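*Asks:* Here it is, the structure in full.
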Amino acid sequence: MIADTYNIIARPAEGLYKEKGSKFISLAFSVNNEDEAKDAIAEIRKKYYDARHHCFAYMIGPDKSCFRSSDDGEPSGTAGKPILNQILSKDITNVCVVVIRYFGGIKLGVSGLINAYKTATRDALEQAGAIQKTVNNIYSLEFPYPLMNEVMRVMKEEQLEQMNPKFEMDCYLEFSTRRNESERVIEKISKIFGVKITFVNTV
């Protein structure tokens with residue numbers, strides 16, 4: 001059985017780490033796709049235009065298949081990777097973390113930078129918290145009006161979320177079910193003769 005749950009942050013959050021005059025401000029927020037992440041990072045660069053570095057990492061998708069990190073001028077592997085590793089260690093997705101550095105005049109060295117970006121990120125993610133979501137399949141149903149009661153009985157028994165209903169002589173509705181429950185639910189609905197079932201998408 002494929003895992004059909006994933007974790008996202010519960011709320012946007014801010015973290016802070018200071019070391020030898022340098023200040024690291026971390027911002028954690030939800031994103032649903034790469035465009036959202038890129039737009040948000042661009043806005044943060046504008047807002048904190050006077051900072052030395054704007055390092056970031058993001059992870060997107062229930063399967064965590066889309067991710068990216070950036071050192072933004074810091075020595076390779078000292079900023080983006082530690083940020084991404086904290087996201088991985090918290091087992092969350094659909095999240096972006098940007099860490100803004102104001103340079104304090106004293107170099108921290110490779111280990112000092114890694115620790116700073118890691119600690120600032122962890123602070124933001126701990127304050128953001130996490131909530132569990134399920135991977136759901138969306139299906140559409142088409143059926144004649146006389147089958148309404150039978151269809152609604154299954155909807156109620158399975159506690160399925162209904163969307164976009166159109167109840168006329170020819171009826172239409174969409175419903176959402178957990179991915180791992182889909183096969184059993186579809187089999188149950190298929191027993192109602194005259195119902196057309198179509199897969200719409202996975203969310």
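Chain labels A, B, ... are given in the sequence in which chains occur in the structure tokens; within each chain residues are numbered consecutively from 1, and ligands are likewise numbered from 1 in the order shown.
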As a compact mmCIF listing (two decimals) with C-alpha atoms, in the first residue's frame, please: every residue in region 13-42 of chain A that DSSP puts in strand (DSSP E or B).
*Replies:*
# COMPACT_ATOMS: atom_id res chain seq x y z
CA ALA A 13 6.66 31.33 11.10
CA GLU A 14 9.84 33.31 11.66
CA GLY A 15 13.07 32.23 13.36
CA LEU A 16 16.25 34.01 14.37
CA TYR A 17 19.91 33.13 15.03
CA LYS A 18 22.75 35.52 15.92
CA GLU A 19 26.47 34.77 15.79
CA SER A 22 25.73 38.36 11.94
CA LYS A 23 21.96 38.03 12.09
CA PHE A 24 20.10 35.16 10.38
CA ILE A 25 16.33 35.70 9.95
CA SER A 26 14.46 32.58 8.80
CA LEU A 27 11.02 32.68 7.20
CA ALA A 28 9.00 29.46 6.74
CA PHE A 29 5.80 29.47 4.68
CA SER A 30 3.58 27.16 2.61
*Asks:* So that I can see what lies close to Leu160 (chain A), please list as a VMD selection string the residues with an atom at most 8 Å from it, counting only C-alpha atoms and leaving out residues fewer than 6 positions away in the same chain.
*Replies:* chain A and resid 175 to 177
*Asks:* Just to confirm, what's the straight-line distance from CA of Pro12 (chain A) to CA of His53 (chain A) in Å (one decimal)?
*Replies:*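 Taking CA of Pro12 (chain A) and CA of His53 (chain A), their separation equals 20.8 Å.
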*Asks:* What separation in Å, quoted to one decimal, exists between CA of Phe199 (chain A) and CA of Met152 (chain A)?
*Replies:* 18.6 Å
*Asks:* At a cut-off of 8 Å, using only C-alpha atoms, what residues contact region 185-190 of chain A? Leave out same-chain residues fewer than 5 positions from it and give the result as a VMD selection string.
*Replies:* chain A and resid 151 154 158 177 195 197
*Asks:* What is the distance between CA of Asn94 (chain A) and CA of Tyr6 (chain A), in Å to one decimal?
*Replies:* 9.5 Å
*Asks:* If we count only C-alpha atoms, what is near Lys118 (chain A) at a cut-off of 12 Å, once residues fewer than 5 positions away on the same chain are taken out, given as an MDAnalysis selection string?
*Replies:* chainID A and resid 15:17 24:26 55:57 77:89 97:99 111:113 123:125
*Asks:* With N, CA and C atoms kept, could you save the residues just selected as a JSON list (two decimals), in the first residue's frame?
*Replies:*
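Wrote part_25.json, looks like this:
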[["chain", "number", "residue", "atom", "x", "y", "z"],
["A", 15, "GLY", "N", 12.05, 32.63, 12.39],
["A", 15, "GLY", "CA", 13.07, 32.23, 13.36],
["A", 15, "GLY", "C", 14.24, 33.19, 13.32],
["A", 16, "LEU", "N", 15.12, 33.08, 14.30],
["A", 16, "LEU", "CA", 16.25, 34.01, 14.37],
["A", 16, "LEU", "C", 17.46, 33.32, 14.99],
["A", 17, "TYR", "N", 18.65, 33.61, 14.44],
["A", 17, "TYR", "CA", 19.91, 33.13, 15.03],
["A", 17, "TYR", "C", 20.94, 34.24, 14.88],
["A", 24, "PHE", "N", 20.74, 36.07, 11.33],
["A", 24, "PHE", "CA", 20.10, 35.16, 10.38],
["A", 24, "PHE", "C", 18.60, 35.12, 10.68],
["A", 25, "ILE", "N", 17.80, 35.69, 9.79],
["A", 25, "ILE", "CA", 16.33, 35.70, 9.95],
["A", 25, "ILE", "C", 15.76, 34.62, 9.04],
["A", 26, "SER", "N", 15.03, 33.68, 9.60],
["A", 26, "SER", "CA", 14.46, 32.58, 8.80],
["A", 26, "SER", "C", 12.95, 32.74, 8.69],
["A", 55, "CYS", "N", 19.36, 33.07, 1.30],
["A", 55, "CYS", "CA", 19.51, 31.64, 1.00],
["A", 55, "CYS", "C", 18.17, 30.93, 1.23],
["A", 56, "PHE", "N", 17.92, 29.86, 0.47],
["A", 56, "PHE", "CA", 16.60, 29.23, 0.60],
["A", 56, "PHE", "C", 16.64, 27.76, 0.22],
["A", 57, "ALA", "N", 15.57, 27.08, 0.59],
["A", 57, "ALA", "CA", 15.30, 25.72, 0.10],
["A", 57, "ALA", "C", 13.79, 25.54, 0.11],
["A", 77, "GLY", "N", 27.39, 24.63, -0.28],
["A", 77, "GLY", "CA", 26.96, 23.63, 0.69],
["A", 77, "GLY", "C", 26.81, 24.12, 2.11],
["A", 78, "THR", "N", 27.01, 25.44, 2.36],
["A", 78, "THR", "CA", 26.95, 25.94, 3.74],
["A", 78, "THR", "C", 25.59, 26.53, 4.12],
["A", 79, "ALA", "N", 24.70, 26.74, 3.14],
["A", 79, "ALA", "CA", 23.43, 27.41, 3.45],
["A", 79, "ALA", "C", 22.21, 26.65, 2.93],
["A", 80, "GLY", "N", 22.11, 26.52, 1.59],
["A", 80, "GLY", "CA", 20.93, 25.87, 1.02],
["A", 80, "GLY", "C", 20.75, 24.44, 1.49],
["A", 81, "LYS", "N", 21.85, 23.68, 1.52],
["A", 81, "LYS", "CA", 21.76, 22.27, 1.92],
["A", 81, "LYS", "C", 21.36, 22.11, 3.39],
["A", 82, "PRO", "N", 21.95, 22.87, 4.33],
["A", 82, "PRO", "CA", 21.49, 22.77, 5.72],
["A", 82, "PRO", "C", 20.01, 23.14, 5.89],
["A", 83, "ILE", "N", 19.54, 24.11, 5.10],
["A", 83, "ILE", "CA", 18.12, 24.49, 5.17],
["A", 83, "ILE", "C", 17.27, 23.31, 4.69],
["A", 84, "LEU", "N", 17.65, 22.74, 3.53],
["A", 84, "LEU", "CA", 16.90, 21.61, 2.97],
["A", 84, "LEU", "C", 16.93, 20.41, 3.91],
["A", 85, "ASN", "N", 18.07, 20.16, 4.53],
["A", 85, "ASN", "CA", 18.17, 19.02, 5.46],
["A", 85, "ASN", "C", 17.25, 19.16, 6.66],
["A", 86, "GLN", "N", 17.04, 20.39, 7.11],
["A", 86, "GLN", "CA", 16.10, 20.60, 8.23],
["A", 86, "GLN", "C", 14.66, 20.32, 7.79],
["A", 87, "ILE", "N", 14.33, 20.71, 6.55],
["A", 87, "ILE", "CA", 12.99, 20.41, 6.01],
["A", 87, "ILE", "C", 12.80, 18.90, 5.95],
["A", 88, "LEU", "N", 13.83, 18.19, 5.47],
["A", 88, "LEU", "CA", 13.77, 16.73, 5.38],
["A", 88, "LEU", "C", 13.65, 16.09, 6.76],
["A", 89, "SER", "N", 14.41, 16.60, 7.72],
["A", 89, "SER", "CA", 14.40, 15.99, 9.05],
["A", 89, "SER", "C", 13.05, 16.19, 9.76],
["A", 97, "VAL", "N", 11.63, 27.72, 2.91],
["A", 97, "VAL", "CA", 12.30, 28.46, 3.99],
["A", 97, "VAL", "C", 13.36, 29.35, 3.37],
["A", 98, "VAL", "N", 13.28, 30.64, 3.68],
["A", 98, "VAL", "CA", 14.30, 31.60, 3.24],
["A", 98, "VAL", "C", 15.02, 32.10, 4.49],
["A", 99, "VAL", "N", 16.34, 32.06, 4.46],
["A", 99, "VAL", "CA", 17.13, 32.59, 5.57],
["A", 99, "VAL", "C", 17.90, 33.82, 5.07],
["A", 111, "SER", "N", 31.90, 25.50, 9.07],
["A", 111, "SER", "CA", 31.09, 24.84, 10.11],
["A", 111, "SER", "C", 30.18, 25.84, 10.82],
["A", 112, "GLY", "N", 30.68, 27.07, 11.00],
["A", 112, "GLY", "CA", 29.87, 28.11, 11.64],
["A", 112, "GLY", "C", 28.67, 28.49, 10.81],
["A", 113, "LEU", "N", 28.88, 28.59, 9.49],
["A", 113, "LEU", "CA", 27.77, 28.92, 8.58],
["A", 113, "LEU", "C", 26.73, 27.81, 8.55],
["A", 123, "ASP", "N", 14.57, 26.77, 14.05],
["A", 123, "ASP", "CA", 13.77, 27.66, 14.90],
["A", 123, "ASP", "C", 12.44, 28.01, 14.22],
["A", 124, "ALA", "N", 12.51, 28.38, 12.93],
["A", 124, "ALA", "CA", 11.28, 28.73, 12.20],
["A", 124, "ALA", "C", 10.34, 27.54, 12.06],
["A", 125, "LEU", "N", 10.91, 26.37, 11.72],
["A", 125, "LEU", "CA", 10.06, 25.19, 11.49],
["A", 125, "LEU", "C", 9.44, 24.68, 12.78]]
*Asks:* Using DSSP on the backbone coordinates, identify the residues of chain A assigned to helix (DSSP H, G or I); present them as a PyMOL selection string.
*Replies:* chain A and resi 34-47+80-89+109-128+145-157+179-190
